[in-house]
Each structure stands twice: as structure tokens, then as C-alpha cells.
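**Student:** Please find one structure pasted underneath; my questions will follow.
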Amino acid sequence: MNQDSFVRTLEAISEQILLLDPGDLPAVAAVHTALQQIAAQVAEAPGAAELVSASLALLDRIVLREDTGVADPVNTLGTALAALLEAARAGNLDALEMPAEFGPTEMSRARFSGLDSILEEFLRNQITVLEDLEALVLGVERGDVDGAGPALLRAFHTLKGESALLGLDSERLCHRIEDMLETTPALSATDTLLQAIDWLGQYFRHLREGGVPPPPPDALYARIEAQVSGEGDLDPEEAPGASPNAAPTATGARKAALPIASASADPSRSTPTAQAAVAKSAAPAPAVPIIASVSLADIEPQLLADFVQEATDHLEDAEQELLRLESDPDDSGPIHALFRAVHTIKGVAGMLRLDHIQRLAHSGETLMDRARHGEIALVGRRIELVFSTLDLLKRLIAELADARGDVRPPAELGLLLERLDRAVSEPDAVDSPEPMDAAGTRSSTPAGARETAPQGLHLAESGTGAIPPIEAVTVPTSANLGDDAPAPSGSATGGSVAAATGHPHTGGSGAGPTDATRTTGVAAAIKDFIKVDAARLDKMVDMIGELVIAESMVSGASEMQSISSPELSRDLGLLNKIIRELQEIGTSLRMIPVRGTFQKMARIVRDIAKKTGKQIEFVTVGEETELDKSVVDKIGDPLVHMVRNAVDHGIESDPARRRALGKPETGHITLRAYHREGNICIEVADDGGGIDPERIRAKAVSKGLIAADAVLSEQEVFALLFEPGFSTAEKVTDVSGRGVGMDVVRRNIESLRGKVEIQSNLGRGTTFVIQLPLTLAIIDGMIVRVGEDRFIVPTANVVNSFQPTAEQRASVFGRGEIVVFHDQSLPLFHLGRLFGTAAGTEDGLVLVLEADGRRLGMTVSELLGHQQIVIKSLGSLLGKVPGITGGAVLPDGKIGLILDITGLYKLAEAQSPHEEPKPLALAA
Amino acid sequence: MAVKQALAGKYLSFTLGSEAYALEIMKVREITAMMSVTRVPNVPGYFRGVINLHGSILPVIDLRRKFGLAEVPDTEQTCIVVVQHERGQIHHVVGLVVDAVSEFVDLAESEIEATPNFGSLVDVRMIRAMAKREGVVVTLLDVDNVLADAELGNDAREEAA
């Protein structure tokens, strides 16, 4: 390079930095660009290159307004440049050493106490970052290559930059990987990538928790070298430093590299884990399937909690995939996703030294791995085994949540491990592995293993590039393979077969319904996520709510009305618009899709259908529909009840009966989520026998719930199903009935301020519709005055308001009042009496309210307005107050109480008709 | 005496009529002027209701009612002492209506006396100790017990979501 012009460029940049205002983005960007050019020029000199790349990372952080960890970042940059300049002038860039203030290479954790908080933050994030990376790699392997390659490169680049800034050893590895990814397609290096990720996980854990640092990943460097020089993925057995492995390997196939790598032979993971195990003398080597106890004492509670949370999510996904696999064994997508989920759990469990979970995940993974490579078929007993594995994993992980100190794995862990290991090793007479063909490829689907028509995948003619298109055909694989399936060449062997089978629809015939989700899955993994404490989020949403109200207080103030300034009103309009948008964003932050909950239902349907021996097809629609997280969390139990009832009692147990009614023998249950009028609806629909209103009626009469001559609408009859104790097990089926736990269902849903409705058509099926508010935080409310108090009525409960004529009002025994609305006689409530405040009879206006499918009239003095209300609790000391859901800050800054209409019913019922309404104590 | 030593420290003193009381300063979050209280039905009578404190809803207990003293109209002096109380997972913040706040006092060990035996006339659980300061008897309230006694909702935390 031209020494002089280089020095001049450096001088110019130094000057720029001297005057740099970190807030002036164009200026920062200009420095960044200039430095990038320098980076290219000093690429040959390691010391200088490192300094420049660290400076660039620092600039990135300045631009992103992230914590730079340096008191004066601009000054630090200046120092870096000065050092660079000095070295350049002396002509010894190679010998450049990092200035002490900056010095990432020399930086050690102990010396850089100022960086500790960044380091902590960084390390905390790496758990998810590595998981995402792993997901990406597995995605690549599965065939979701779109964007995954660049995303991987980007991720490793970021990690490299951050590692450099923090002076971590991980920089070197990331750097090598980055180099590798620039020259080698990710698809041919997935094993190396996974090993690198494993090592990084180990290394970061060491930094987080201390303990034995992982040995330098020399073996990995060698692999990367080999990769770059075109030798492809080495089998770890050949890789230096790898320990011998005991896991069953498929003969010499390269695709076997991954299972071994992730199994006990993984050089980077198993060594320290094994060391730890020996040190604690609690966990025996993986060959012995008994783990006496696992200590949780050393695990940071937050890490453990994160693990429980994430592993639970992964298991949900896994289960979903397994169900898909079961229903369509020829779709090879699920097995990969399944493997990925369990692999992730294994990895994190290993990091946390949860040996029992790691061991189980490992054994499960080994089985899945053989399945995903087509060596065995996951059908029949094996699939049950995988279900049991997921179940036990779920249990073990759930136990962690409340465990203290030591965890003692249950005895069945040993049994299951044995069964798993047997299933992996024992050759199956039916689904023995496909023989290798001459070119060394192998069908990824064992022929003849299917319970249905033999079906396989064959490689289509155009197998030139990385991913040969795949076509699903219904010809036995053996007839097909070897002659019209050309062996994919070069690096596209192994991995790409597995990868390509993830896209059966590329051939046209078998597009999986969730394939779109699959692709978005990868896109989502690329997106950046920030984990935020939910309490902080809630606080922010709360504050936004306050802002909305404060704004309406200001713009609604009477003084404001008297100002006639177009500018002011325009500015107020703008303010209003911004605040509305802010409110929308705030609300959306808490929204999560219902997918997870829906997936759980699929499992329940499967299990009950199996138990009852019914043929049921379960379909979910609208899984991506989003709901407030707290709603999603609470909707699970009611849905379980409803779905269980739909399978157990909804669908007829006799297929002949279905046939006689002209319905297919297989029952259908649909779980659907959708938006309706600003609410979310979740529907459980079955095409079973339907509900006979007459039988319910008869039953209700016999139970004394209603009088024999009561006049009830069909809706009201159905609503009886939700009455506590309406029906019990043995009679339920007679009324094609639901009722078990239905009162709980309604209570749960109403606690979410939702409603539940039943639509049923005798003989054709039943649909339960749950209607839920989008969010729990904000409701549409009507502000009413009752005497001297103001209350808020949720608009969702308001049917109408009217001024009844004298004929429309009547009373019974001088006390029980009735109001006639649309020819319907409704009980008329007086808040004043219910709450014991005042008589309130003089109020002329009646609000017609609806809750639980029942209507009532309520007298009010005045309707004051209508607005969005942020619901707040009345404080922990008061807890739940009968008839009141909570409170809200009204536009005048005072608190208004939100009425709970169902609660009002109960209050009214609690007031015995035989005595004067008890003046319930009212704080006044 | 060790107990007395533990009781020595900073207190906020206030009055209810002619009686003087004091709260540990550690329990006091802030003192605010009397404001508009929204009454709440179906709760014990000593709850005045709820107020809007910086955007949050805060239940307010009228200490006169709580202790069974005669009620008087609010005056300029009437104010709300916001106190917090923590017990395990439970964290309550509550306003206490008092006639007037007097001062912050530093009570020495020598000024503190054990709670005398009132028999059944007085619920002594609400009292930590007595103190005598410049000839005035001050009752040191046990905020935790006053609030634990007023605690209603067991499922309050669940509702907070």
C-alpha cells in the first residue's frame, strides 16, 4: 500500500474523530465508511486489523445508541486512531499493540470491570443467540436455505464484532467461521457449524459461571481449514481431538457425522460435561442410564427459569411436529423440527448440567436422528416411545420450576432410557435401513416401513446444484432408487438429502399445511428480539394508558375550548395521533399468537381419540391470531375442557350412526381463532351429535335448576350447561352432553372478560364460541352516573339504554322490579340498593345489560360518556370486590369503578328475597 | 433491653384527635394532601375508598374508623400517609387517612416503653410499643399488623395482571 496516502487518510480520519459528535449520525457514518476502507487496507496486519475492527464495532454501538461500555467512546476511538497512525508512520502496522484504554486483545474479564455489565448482558443474550443460530443451521440442513446463509454470516459477524469489543476468545472462532461461510455453502458445513455453536455455548457458560474453560477449539479450526480447502465436513472421528464414540453409526455415511457430533462423541461438549460429572460423582458416564440426582444449587435461578420457559416452548413445538409426523409419516419436515427442538433442549440442559434431562434428550435425539436419516421409521411403538420421551421431558422440566436444591430423577427415566436405547440399536425386521447405492446416497425414507401405501421420495432428474428438487411419488423406493435418481454430486450428499426432503412440495404433490410457518420460522429467527421483563412492559403499557387519558384531559379542558388558535388545534391533533399510535404499539407488544395453545389441543385430541377409539381429524385455523399474553396463558384450561368434551361427548362413538346421518365416519373437530368486531373469537366446532335442548331442559328440571314450566330460549337452555353441577360423568353421554367442568370454563372465560356461546344443531354438531377482548388492559367503557357515584360499564355488556314508560315497569311484592324490553321481562337492578348506598328508584334511565346469556336492566341517573379505559386493580389489599372488576382513572383524574355485571347478578342473588336488602357496608 | 433498642429510630408522628401516634419511617412512602376519594361498595367500613396516586389506584383506610374513633369532617390538616407493607410475596401499598401529620422524630431507646396491658379494650397487636416524648405519650403503630388485619383479597395478586 502507499504508505504516505495511507497515513494521510488516517490523519484525516483522526481529525474527523476529534470533532465527532456521537449524535451526528451522518458524521459517524462517514467515519465508519472511512474506517471500513482502512480495514480493507490493513487486512494483512493482524494487530491493526483487530484494532480497526474493534473501532468499527464501537462505532456500530455508537450508531445504535447501545451502551459502549466506555466512558468516552469518541475519545477511545481517537486513541485507537492515534495508535494506528503512529504505527503507520513508523511503518510497523504488524507489530501494533492495542492501546490500553481500548485494547480488546489484552482485555480480560478481571481487568475490565467497567465492561462487566456489558459482558453480562452479552452473555445473557448469547443463550438465545446461539439457539437461534442452531435453529438456522438446522434450518439450512432441512432445506430452508432462503436467506439462512447470509443470516448465518451476519450472525457470526455480529458475534465476532461483539467478541472483539469484549476481548473474548470467541472472536477467533467466529472470524474463522465467517471466513469459511464466505467461501463454503453453509449446507455443506452444518456439522462444523453446530460444533462451533456448541463450543461457543460452552465457552460463554464458562464466562458466565466460571469453572473449567473449554479447551481451545483446535480440532474445530482444523475442520474449518479442511472445509475451506474443499474437503467437506470431516467425520468427527477423523477430526483431531474427538473422543471415540459409542453411538450407533450408519456405515460410513457422512450424514452420520451430525448424530455423532451431537452425541457423546462431541469433543467440545462432552469433555467438560463429563468432567463435571466426574467431579460431582453424581452423573455417571452416558453409557449408564441411571442418574442419581442432579444439583440445581449452582444454576443461576434466572438461567434455570429461562430454560424451563424455552424448553417448554420447544417441547410444545416438538409435540406438534410429532403429531404431524404421525398423521403423515411421509412428510419428512416434522422429524427435522422435532430433532431440532430436542437437540436444543439437550444443548441447554448440558450447559446447565441438568444431566438427567440432557441424557433423556440425548437418547431421544439419537432415535430421531436415525429416523431423520431414514435409517428407521418412526411408526407404531417407536412413535409412542417418542411421545413418552416428550412427556417425561415435559415433566422433568416442569419439576425444575419448583425444585430446590437437588432433583432426583424418577425411576421411569432409567426404564425409558433403556427402551430408547434398545429402540435405537435393535434392528427392526420391517424397517431395516436402506442399502446404500453405488454412489453412496441413500433413500431418506425406508421403503416398506409405512403402514399405508409404500411411499418414498426420489431424487428428480435435475440434481445439479446444492438442492436437488424432490418429488413425492407413490412408487416403492427400492424400484426407483439407483436408476432414475442420479446421485447428487459433491458436497450436496447427506445433508442435502435430508434438507431437500423437508420440502416435499417442491415436487408438487404434498405441500404441508404448515410449510409457510416453517419458512417464516427461519425468517423469524433472523429477526432481532429483545427480551424484556414483562413487568416493565406492563408498566409502559400502563403509562401509555395514562398518557391517553392525560391527553384527553388536556384537550378536553374547558380553557382549551376557549382558545381559538388553528396552530394549537393542529398540534393537538398531531399529539392525539401520535398518542393513538403509541397506544397501538404498546398494546401490540403484549400480543402473542395462539399457536402454542392450539398445539397443545392437538395432542389432547390425539390422546383422547386414541383412548376412546374414535377416528378424529383435528384441524386448526388461524393459529397466528394474536392475543394478549395473559389471555393466551389463561385460555388454555378452558380450551382443554371444551376440546376434551368435543372428542369425548361431541363426536359419536359409533361410526355407523354417523354414516346413517350422512356424515363421514371420521369425526371432525375444528379449532379456529379469528377477529370479530374488535374481539378475538376462538371456536371449538365438532360435527358430532349436537345438543338436544329438550334433554338439557329435562335434566335441569330434574336437578331443580329450573321450574318445570320455565320459559327459556334455546340460548338460555344451552347456558344451563354452564351451571355448576349441571351434569356429571355417567349421564353426560346420554345428553350428548357437555357439562363436566363447564362452569369452570365459563368462570375462566369471564375472568378474562370474555363470553362463551353455544351453537348446536341436533345431529349436525356443536360449536362453542369464546369471545375474548384483544387485551386485558384496555376496555371500551360507558361512564354512567348513579346517584352521586360514577361507574364504568364495559360497553361489551351494554345492549341498549332507554327511558321506560310506566307500563314498561312493574314490581313484584313491592320490591322485585321488572322492566319490559322488546317484549322481554328483565329484572331491574338498582345499584344503590345492591350496594346499599341509596334507594335510587327516582332514576328514570334504564341500561339493558347482558352477561352469561342473561339480560338485566339497571337504573342509572345519567350517561356521562364513552371512552377507552385502562383497567387497574383496586390494589392488593382490596383484592376482588363483589360486583366490581377494577377501577380506572377518569378524565378528571378521579377513580371510577368498573362494574362486573356477572358479579351484580350474584350480589342480587345473595340478597335474600325474604328480608330487606341488606345494607351491605359501603365505605362512605 | 434489646427489643427497645431495635425499636429506637426514626418515626413519623401524626395525630388522630388528641392522640399521638407514630409509624416507622421505613414504612412511609409519601405523604399527600387529602384528595377526592372514590368510595367502594362491599368492603369493610374503615376503607374510605380508592384514590388516584400518580396514575395508580390506591386503597385508603381511614384510621379513625379503623380504630373506632369518632368521625370528624376532613380539615385542611387531614392528609393521607402512604405506607407500604411487605410480607413474603405480598406487597401492599395503602393510604392511611390521619388528622394531621406532626413531625419526623428520632426516638431514643430511653424514650420507648413496652405496651401496657389494656385488657380487651385495645387490640394490642396493632401496637409495637409506646413512647414518651417531651411529656407526650406516643403510640408506635405496627403497620404490618394493621394492614394484615385489613387484608381482603387472597387472590389479589392474580387480579393484578
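Convention: chains lettered A, B, ... in C-alpha cells order; per-chain residue numbering from 1; ligands numbered from 1 as shown.
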Name all residues at most 10 Å from Glu86 (chain B) (count only C-alpha atoms; drop same-chain ones fewer than 3 positions away) and give them as a list in words.

**Tutor:** Lys27, Gln89, Ile90, His91, His92, Val93, Asp144, Leu147 and Ala148 of chain B

**Student:** Can you work out which residues from chain A touch chain B at a cut-off of 8 Å (counting only C-alpha atoms) and hand them back as a ChimeraX atom specification?

**Tutor:** /A:543,546,630,789,835-836,872-882,887-889,893-897,920-924

**Student:** Give the helix (DSSP H, G or I) residues of region 115-150 of chain B, as assigned by DSSP on the backbone, as a ChimeraX atom specification.

**Tutor:** /B:124-126,143-150

**Student:** With N, CA, C and O atoms retained, write the just-selected residues as a PDB file, in the first residue's frame.

**Tutor:**
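Final output, part.pdb:
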ATOM      1  N   VAL B 124     -53.972  -4.919  71.040  1.00  0.00           N
ATOM      2  CA  VAL B 124     -52.554  -4.566  71.172  1.00  0.00           C
ATOM      3  C   VAL B 124     -51.701  -5.079  70.021  1.00  0.00           C
ATOM      4  O   VAL B 124     -50.551  -4.689  69.880  1.00  0.00           O
ATOM      5  N   ARG B 125     -52.277  -5.943  69.160  1.00  0.00           N
ATOM      6  CA  ARG B 125     -51.472  -6.408  68.017  1.00  0.00           C
ATOM      7  C   ARG B 125     -51.093  -5.246  67.106  1.00  0.00           C
ATOM      8  O   ARG B 125     -50.139  -5.307  66.358  1.00  0.00           O
ATOM      9  N   MET B 126     -51.918  -4.210  67.126  1.00  0.00           N
ATOM     10  CA  MET B 126     -51.667  -3.062  66.256  1.00  0.00           C
ATOM     11  C   MET B 126     -50.584  -2.148  66.802  1.00  0.00           C
ATOM     12  O   MET B 126     -50.206  -1.185  66.160  1.00  0.00           O
ATOM     13  N   VAL B 143     -47.554  -1.241  61.615  1.00  0.00           N
ATOM     14  CA  VAL B 143     -48.218  -1.094  60.320  1.00  0.00           C
ATOM     15  C   VAL B 143     -48.545  -2.461  59.720  1.00  0.00           C
ATOM     16  O   VAL B 143     -49.627  -2.679  59.179  1.00  0.00           O
ATOM     17  N   ASP B 144     -47.591  -3.380  59.829  1.00  0.00           N
ATOM     18  CA  ASP B 144     -47.813  -4.697  59.227  1.00  0.00           C
ATOM     19  C   ASP B 144     -49.080  -5.342  59.765  1.00  0.00           C
ATOM     20  O   ASP B 144     -49.884  -5.880  59.012  1.00  0.00           O
ATOM     21  N   ASN B 145     -49.257  -5.255  61.077  1.00  0.00           N
ATOM     22  CA  ASN B 145     -50.437  -5.887  61.644  1.00  0.00           C
ATOM     23  C   ASN B 145     -51.714  -5.126  61.320  1.00  0.00           C
ATOM     24  O   ASN B 145     -52.764  -5.718  61.133  1.00  0.00           O
ATOM     25  N   VAL B 146     -51.613  -3.807  61.260  1.00  0.00           N
ATOM     26  CA  VAL B 146     -52.795  -3.020  60.895  1.00  0.00           C
ATOM     27  C   VAL B 146     -53.257  -3.432  59.505  1.00  0.00           C
ATOM     28  O   VAL B 146     -54.438  -3.659  59.257  1.00  0.00           O
ATOM     29  N   LEU B 147     -52.292  -3.589  58.591  1.00  0.00           N
ATOM     30  CA  LEU B 147     -52.656  -3.916  57.217  1.00  0.00           C
ATOM     31  C   LEU B 147     -53.035  -5.384  57.067  1.00  0.00           C
ATOM     32  O   LEU B 147     -53.949  -5.716  56.323  1.00  0.00           O
ATOM     33  N   ALA B 148     -52.328  -6.256  57.752  1.00  0.00           N
ATOM     34  CA  ALA B 148     -52.647  -7.683  57.647  1.00  0.00           C
ATOM     35  C   ALA B 148     -54.082  -7.892  58.083  1.00  0.00           C
ATOM     36  O   ALA B 148     -54.824  -8.681  57.508  1.00  0.00           O
ATOM     37  N   ASP B 149     -54.490  -7.111  59.074  1.00  0.00           N
ATOM     38  CA  ASP B 149     -55.847  -7.199  59.576  1.00  0.00           C
ATOM     39  C   ASP B 149     -56.855  -6.727  58.531  1.00  0.00           C
ATOM     40  O   ASP B 149     -57.984  -7.192  58.480  1.00  0.00           O
ATOM     41  N   ALA B 150     -56.402  -5.793  57.691  1.00  0.00           N
ATOM     42  CA  ALA B 150     -57.318  -5.206  56.709  1.00  0.00           C
ATOM     43  C   ALA B 150     -57.299  -5.967  55.387  1.00  0.00           C
ATOM     44  O   ALA B 150     -58.056  -5.668  54.485  1.00  0.00           O
TER      45      ALA B 150
END

**Student:** To one decimal place, how far is CA of Pro301 (chain A) from CA of Ala401 (chain A) in Å?

**Tutor:**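 Going from CA of Pro301 (chain A) over to CA of Ala401 (chain A), I get 9.4 Å.
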
**Student:** Of the candidates B:Ile112, B:Ala129, B:Leu69, B:Cys79, which one gets nearest to Glu19 (chain B) if we count only C-alpha atoms?

**Tutor:**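 Under the stated criterion, the closest residue is B:Leu69.
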
**Student:** If we count only C-alpha atoms and set the cut-off at 12 Å, which residues sit around Glu134 (chain B), ignoring sequence neighbours fewer than 4 positions away in its own chain? Please answer as a list in words.

**Tutor:**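 Returned residues: Val105, Leu107, Glu111 and Val138 of chain B.
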
**Student:** Now that the selection is made, can you save its residues with N, CA and C atoms as an mmCIF file, in the first residue's frame?

**Tutor:**
data_model
loop_
_atom_site.group_PDB
_atom_site.id
_atom_site.type_symbol
_atom_site.label_atom_id
_atom_site.label_comp_id
_atom_site.auth_asym_id
_atom_site.auth_seq_id
_atom_site.Cartn_x
_atom_site.Cartn_y
_atom_site.Cartn_z
ATOM 1 N N VAL B 105 -39.607 12.168 63.993
ATOM 2 C CA VAL B 105 -38.918 12.161 65.280
ATOM 3 C C VAL B 105 -37.914 11.018 65.318
ATOM 4 N N LEU B 107 -36.604 8.587 67.860
ATOM 5 C CA LEU B 107 -36.905 8.092 69.201
ATOM 6 C C LEU B 107 -35.721 7.310 69.747
ATOM 7 N N GLU B 111 -36.610 6.488 75.393
ATOM 8 C CA GLU B 111 -37.958 7.069 75.312
ATOM 9 C C GLU B 111 -39.027 6.011 75.079
ATOM 10 N N VAL B 138 -46.817 8.662 72.952
ATOM 11 C CA VAL B 138 -46.997 8.379 71.526
ATOM 12 C C VAL B 138 -47.143 6.866 71.352
#

**Student:** So that I can check the surroundings of Thr139 (chain B), please list as a PyMOL selection string every protein, DNA and RNA residue that reaches within 12 Å of it, counting only C-alpha atoms and ignoring chain neighbours fewer than 4 positions away.

**Tutor:** chain B and resi 11-16+19-24+107+111-116+122+124+126-133+143

**Student:** By how many Å are CA of Lys614 (chain A) and CA of Ser653 (chain A) apart?

**Tutor:**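 CA of Ser653 (chain A) lies 6.2 Å from CA of Lys614 (chain A).
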
**Student:** Within 9 Å of Thr612 (chain A), counting only C-alpha atoms, which residues show up once you throw out same-chain ones fewer than 4 positions away? Write them as a short mmCIF file (atom, residue, chain, number, x, y, z; two decimals) with all heavy atoms, in the first residue's frame, please.

**Tutor:**
data_model
loop_
_atom_site.label_atom_id
_atom_site.label_comp_id
_atom_site.auth_asym_id
_atom_site.auth_seq_id
_atom_site.Cartn_x
_atom_site.Cartn_y
_atom_site.Cartn_z
N ASP A 607 -54.77 -37.96 22.06
CA ASP A 607 -54.77 -38.90 23.16
C ASP A 607 -56.17 -39.42 23.47
O ASP A 607 -56.37 -40.62 23.65
CB ASP A 607 -54.18 -38.25 24.42
CG ASP A 607 -52.67 -38.14 24.33
OD1 ASP A 607 -52.11 -38.68 23.36
OD2 ASP A 607 -52.06 -37.53 25.22
N ILE A 608 -57.12 -38.49 23.50
CA ILE A 608 -58.47 -38.93 23.86
C ILE A 608 -59.08 -39.76 22.73
O ILE A 608 -59.76 -40.75 22.98
CB ILE A 608 -59.36 -37.71 24.19
CG1 ILE A 608 -58.75 -36.95 25.35
CG2 ILE A 608 -60.75 -38.16 24.56
CD1 ILE A 608 -59.47 -35.69 25.67
N VAL A 647 -64.30 -34.20 21.83
CA VAL A 647 -63.87 -35.53 21.39
C VAL A 647 -64.69 -36.59 22.11
O VAL A 647 -65.24 -37.51 21.51
CB VAL A 647 -62.38 -35.76 21.72
CG1 VAL A 647 -61.94 -37.12 21.21
CG2 VAL A 647 -61.53 -34.67 21.09
N ASP A 648 -64.79 -36.42 23.42
CA ASP A 648 -65.38 -37.47 24.24
C ASP A 648 -66.88 -37.56 24.02
O ASP A 648 -67.43 -38.65 23.81
CB ASP A 648 -65.06 -37.18 25.71
CG ASP A 648 -65.24 -38.41 26.56
OD1 ASP A 648 -65.50 -39.49 25.98
OD2 ASP A 648 -65.12 -38.30 27.79
N SER A 653 -69.61 -42.15 19.11
CA SER A 653 -68.64 -43.24 19.20
C SER A 653 -68.92 -44.33 18.17
O SER A 653 -68.04 -45.12 17.86
CB SER A 653 -68.60 -43.82 20.61
OG SER A 653 -69.88 -43.77 21.17
#

**Student:** Can you tell me how far CA of Ile682 (chain A) sits from CA of Val769 (chain A), in Å to one decimal?

**Tutor:**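 It comes out at 5.8 Å.
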
**Student:** Report as number ranges by chain: the residues of chain B with a DSSP assignment of strand (DSSP E), based on the backbone of this structure.

**Tutor:** B: 9-16, 19-24, 28-33, 47-53, 56-62, 79-87, 90-98, 100-107, 112-113, 127-133, 136-141

**Student:** Show me, as a PyMOL selection string, the residues that have an atom within 10 Å of Ala557 (chain A) when counting only C-alpha atoms, minus same-chain residues fewer than 6 positions from it.

**Tutor:** chain A and resi 551+891-892

**Student:** Can those selected residues be exported to a file as a PDB file, in the first residue's frame so that it contains N, CA, C and O atoms?

**Tutor:**
ATOM      1  N   GLU A 551     -53.942  13.142  27.913  1.00  0.00           N
ATOM      2  CA  GLU A 551     -54.129  13.925  26.703  1.00  0.00           C
ATOM      3  C   GLU A 551     -55.588  14.344  26.562  1.00  0.00           C
ATOM      4  O   GLU A 551     -55.891  15.486  26.235  1.00  0.00           O
ATOM      5  N   PRO A 891     -61.370  10.975  33.138  1.00  0.00           N
ATOM      6  CA  PRO A 891     -60.744  12.175  32.575  1.00  0.00           C
ATOM      7  C   PRO A 891     -60.481  13.285  33.615  1.00  0.00           C
ATOM      8  O   PRO A 891     -59.572  14.081  33.428  1.00  0.00           O
ATOM      9  N   ASP A 892     -61.233  13.315  34.689  1.00  0.00           N
ATOM     10  CA  ASP A 892     -60.973  14.367  35.673  1.00  0.00           C
ATOM     11  C   ASP A 892     -59.929  13.942  36.701  1.00  0.00           C
ATOM     12  O   ASP A 892     -59.704  14.634  37.685  1.00  0.00           O
TER      13      ASP A 892
END

**Student:** Measuring atom to atom with only C-alpha atoms, identify which of A:Leu173, A:Val386, A:Ala719, A:Leu752 is nearest to Thr366 (chain A).

**Tutor:**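 Of all the options, A:Val386 lies closest to Thr366 (chain A).
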
**Student:** Can you pull out every residue within 10 Å of Asp74 (chain B), counting only C-alpha atoms, but drop anything in the same chain fewer than 2 positions away, and send it as an NGL selection string?

**Tutor:** :B and (34 or 71-72 or 76-79 or 97-99)
